[in-house]
Amino acid sequence: MDALICKSKHTIDLERTVLSHGWVQLPPFNWDAERRELSRRERVGKQIGTIIISQVSQRQLAIIMPDRFGSRQRDALESRVRRWLMLDWNPAKAINLALKQDPLVAKHIKCGGGRFLRGSNFFEDFYKTLCTINTSWLNT
């Protein structure tokens with residue numbers, strides 16, 4: 001397995017992000033609470049493998065992927081991880097709004113929360129949204 005460090009300009013908390021929304025309970029995501037790792041099987045080009053994401057620091061995540069993934073797959077995968085975890089989202093406006101409404105919410109966002117776990121593309125997000133309206137997670 002090979003590792004890639006993915007950086008964010010803003011504080012991120014992997015666990016807060018993963019647990020803030022129920023999509024982590026839907027395949028292909030898997031959350032290992034003991035190890036605090038998010039994993040997912042993903043196809044990049046012709047390669048398929050399990051991707052594991054863990055927290056390195058407040059602004060860095062480690063992406064562990066199969067060695068067979070080349071540089072093109074690594075770049076595509078980093079882009080997907082950035083999408084999955086909303087790493088390019090600037091929380092400044094949300095923090096300012098939350099400070100006026102609820103300081104605890106503002107603190108949560110400052111600590112790296114406030115993001116939603118997303119899929120690899122719009123279609124996956126759309127499909128999961130439709131399938132989770134007016135039902136419990138167990139029935140999705």
# chains A, B, ... in the order shown; residues from 1 in each chain; ligands from 1
>>> select_by_dssp(residues="chain A", states="strand (DSSP E)", output="CSV table (one decimal) with N, CA, C and O atoms, in the first residue's frame")
chain,number,residue,atom,x,y,z
A,2,ASP,N,0.4,2.2,-0.7
A,2,ASP,CA,1.2,3.5,-0.9
A,2,ASP,C,0.4,4.6,-0.2
A,2,ASP,O,-0.9,4.5,-0.2
A,3,ALA,N,1.0,5.6,0.3
A,3,ALA,CA,0.3,6.7,1.0
A,3,ALA,C,0.6,8.0,0.3
A,3,ALA,O,1.7,8.3,-0.2
A,4,LEU,N,-0.4,8.9,0.4
A,4,LEU,CA,-0.4,10.2,-0.2
A,4,LEU,C,-0.9,11.1,0.9
A,4,LEU,O,-1.9,10.8,1.5
A,5,ILE,N,-0.2,12.3,1.1
A,5,ILE,CA,-0.7,13.2,2.1
A,5,ILE,C,-1.5,14.3,1.3
A,5,ILE,O,-1.1,14.9,0.3
A,6,CYS,N,-2.8,14.5,1.8
A,6,CYS,CA,-3.7,15.4,1.2
A,6,CYS,C,-3.9,16.6,2.1
A,6,CYS,O,-4.2,16.4,3.3
A,7,LYS,N,-3.6,17.8,1.7
A,7,LYS,CA,-3.6,19.0,2.5
A,7,LYS,C,-4.9,19.8,2.3
A,7,LYS,O,-5.4,19.8,1.2
A,29,PHE,N,-18.9,3.3,1.4
A,29,PHE,CA,-18.1,3.8,2.5
A,29,PHE,C,-18.1,2.8,3.7
A,29,PHE,O,-19.1,2.1,3.9
A,30,ASN,N,-17.1,2.9,4.5
A,30,ASN,CA,-17.0,2.1,5.8
A,30,ASN,C,-16.1,2.9,6.8
A,30,ASN,O,-15.1,3.4,6.4
A,31,TRP,N,-16.7,3.1,8.0
A,31,TRP,CA,-16.0,3.8,9.0
A,31,TRP,C,-15.5,2.9,10.1
A,31,TRP,O,-16.3,2.1,10.7
A,32,ASP,N,-14.2,2.8,10.3
A,32,ASP,CA,-13.6,2.0,11.4
A,32,ASP,C,-13.4,2.9,12.6
A,32,ASP,O,-12.5,3.7,12.6
A,37,GLU,N,-10.6,5.5,10.8
A,37,GLU,CA,-10.3,5.4,9.3
A,37,GLU,C,-11.5,5.3,8.5
A,37,GLU,O,-12.4,4.5,8.8
A,38,LEU,N,-11.6,6.0,7.4
A,38,LEU,CA,-12.7,5.9,6.4
A,38,LEU,C,-12.1,5.1,5.3
A,38,LEU,O,-11.0,5.4,4.8
A,39,SER,N,-12.8,4.1,4.8
A,39,SER,CA,-12.4,3.3,3.7
A,39,SER,C,-13.5,3.2,2.7
A,39,SER,O,-14.7,3.4,3.0
A,40,ARG,N,-13.1,2.9,1.4
A,40,ARG,CA,-14.0,2.8,0.3
A,40,ARG,C,-13.3,2.1,-0.8
A,40,ARG,O,-12.2,2.3,-1.1
A,41,ARG,N,-14.0,1.1,-1.5
A,41,ARG,CA,-13.5,0.5,-2.7
A,41,ARG,C,-13.8,1.5,-3.8
A,41,ARG,O,-14.9,2.0,-3.9
A,42,GLU,N,-12.9,1.7,-4.7
A,42,GLU,CA,-13.0,2.7,-5.7
A,42,GLU,C,-12.3,2.3,-7.0
A,42,GLU,O,-11.2,1.7,-7.0
A,43,ARG,N,-13.0,2.6,-8.1
A,43,ARG,CA,-12.4,2.3,-9.4
A,43,ARG,C,-11.8,3.6,-9.9
A,43,ARG,O,-12.5,4.6,-9.9
A,44,VAL,N,-10.5,3.6,-10.3
A,44,VAL,CA,-9.9,4.7,-10.9
A,44,VAL,C,-9.3,4.2,-12.2
A,44,VAL,O,-8.3,3.5,-12.2
A,47,GLN,N,-8.1,0.4,-12.7
A,47,GLN,CA,-7.7,-0.1,-11.4
A,47,GLN,C,-8.8,0.0,-10.4
A,47,GLN,O,-9.5,1.0,-10.3
A,48,ILE,N,-9.0,-1.0,-9.6
A,48,ILE,CA,-9.9,-1.0,-8.5
A,48,ILE,C,-9.2,-1.4,-7.2
A,48,ILE,O,-8.3,-2.3,-7.2
A,49,GLY,N,-9.5,-0.7,-6.1
A,49,GLY,CA,-8.8,-1.0,-4.9
A,49,GLY,C,-9.5,-0.3,-3.7
A,49,GLY,O,-10.3,0.6,-3.9
A,50,THR,N,-9.1,-0.7,-2.5
A,50,THR,CA,-9.6,-0.1,-1.3
A,50,THR,C,-8.8,1.1,-0.9
A,50,THR,O,-7.5,1.0,-0.8
A,51,ILE,N,-9.4,2.2,-0.7
A,51,ILE,CA,-8.8,3.4,-0.3
A,51,ILE,C,-9.1,3.7,1.2
A,51,ILE,O,-10.2,3.5,1.6
A,52,ILE,N,-8.0,4.0,1.9
A,52,ILE,CA,-8.2,4.2,3.4
A,52,ILE,C,-7.7,5.7,3.7
A,52,ILE,O,-6.6,6.1,3.2
A,53,ILE,N,-8.5,6.4,4.4
A,53,ILE,CA,-8.2,7.8,4.7
A,53,ILE,C,-8.1,7.9,6.2
A,53,ILE,O,-9.0,7.4,7.0
A,54,SER,N,-7.1,8.5,6.7
A,54,SER,CA,-6.9,8.8,8.2
A,54,SER,C,-6.4,10.2,8.4
A,54,SER,O,-5.8,10.8,7.5
A,55,GLN,N,-6.6,10.7,9.6
A,55,GLN,CA,-6.2,12.0,10.0
A,55,GLN,C,-4.7,12.0,10.4
A,55,GLN,O,-4.3,11.2,11.1
A,56,VAL,N,-4.0,13.0,9.8
A,56,VAL,CA,-2.6,13.1,10.1
A,56,VAL,C,-2.4,14.3,11.1
A,56,VAL,O,-1.7,14.2,12.1
A,57,SER,N,-3.0,15.4,10.7
A,57,SER,CA,-3.0,16.6,11.5
A,57,SER,C,-4.3,17.4,11.2
A,57,SER,O,-5.1,16.9,10.5
A,60,GLN,N,-4.2,17.9,7.5
A,60,GLN,CA,-3.7,16.9,6.6
A,60,GLN,C,-4.3,15.5,6.8
A,60,GLN,O,-4.6,15.1,8.0
A,61,LEU,N,-4.6,14.9,5.7
A,61,LEU,CA,-5.1,13.5,5.8
A,61,LEU,C,-4.2,12.6,5.0
A,61,LEU,O,-3.6,13.0,4.0
A,62,ALA,N,-4.1,11.3,5.4
A,62,ALA,CA,-3.3,10.4,4.7
A,62,ALA,C,-4.3,9.5,3.9
A,62,ALA,O,-5.3,9.1,4.4
A,63,ILE,N,-3.9,9.4,2.6
A,63,ILE,CA,-4.7,8.5,1.7
A,63,ILE,C,-3.9,7.3,1.4
A,63,ILE,O,-2.8,7.4,0.8
A,64,ILE,N,-4.3,6.2,1.8
A,64,ILE,CA,-3.6,4.9,1.6
A,64,ILE,C,-4.3,4.2,0.5
A,64,ILE,O,-5.5,4.0,0.5
A,65,MET,N,-3.5,3.8,-0.6
A,65,MET,CA,-4.1,3.2,-1.8
A,65,MET,C,-3.2,2.1,-2.2
A,65,MET,O,-2.0,2.0,-1.8
>>> select_by_dssp(residues="segment 16-137 of chain A", states="alpha helix (DSSP H)", output="PyMOL selection string")
chain A and resi 16-19+71-84+92-101+103-110+122-131
>>> residues_around(residues="Asp13 of chain A", least_positions_apart="5", cutoff="10 Å", atoms="only C-alpha atoms", output="list of chain:residue names")
A:Val18, A:Ser54, A:Gln55, A:Ser57, A:Gln58, A:Arg59, A:Gln60, A:Leu61, A:Leu85, A:His108, A:Ile109, A:Lys110, A:Cys111, A:Gly112, A:Gly113, A:Gly114, A:Arg115
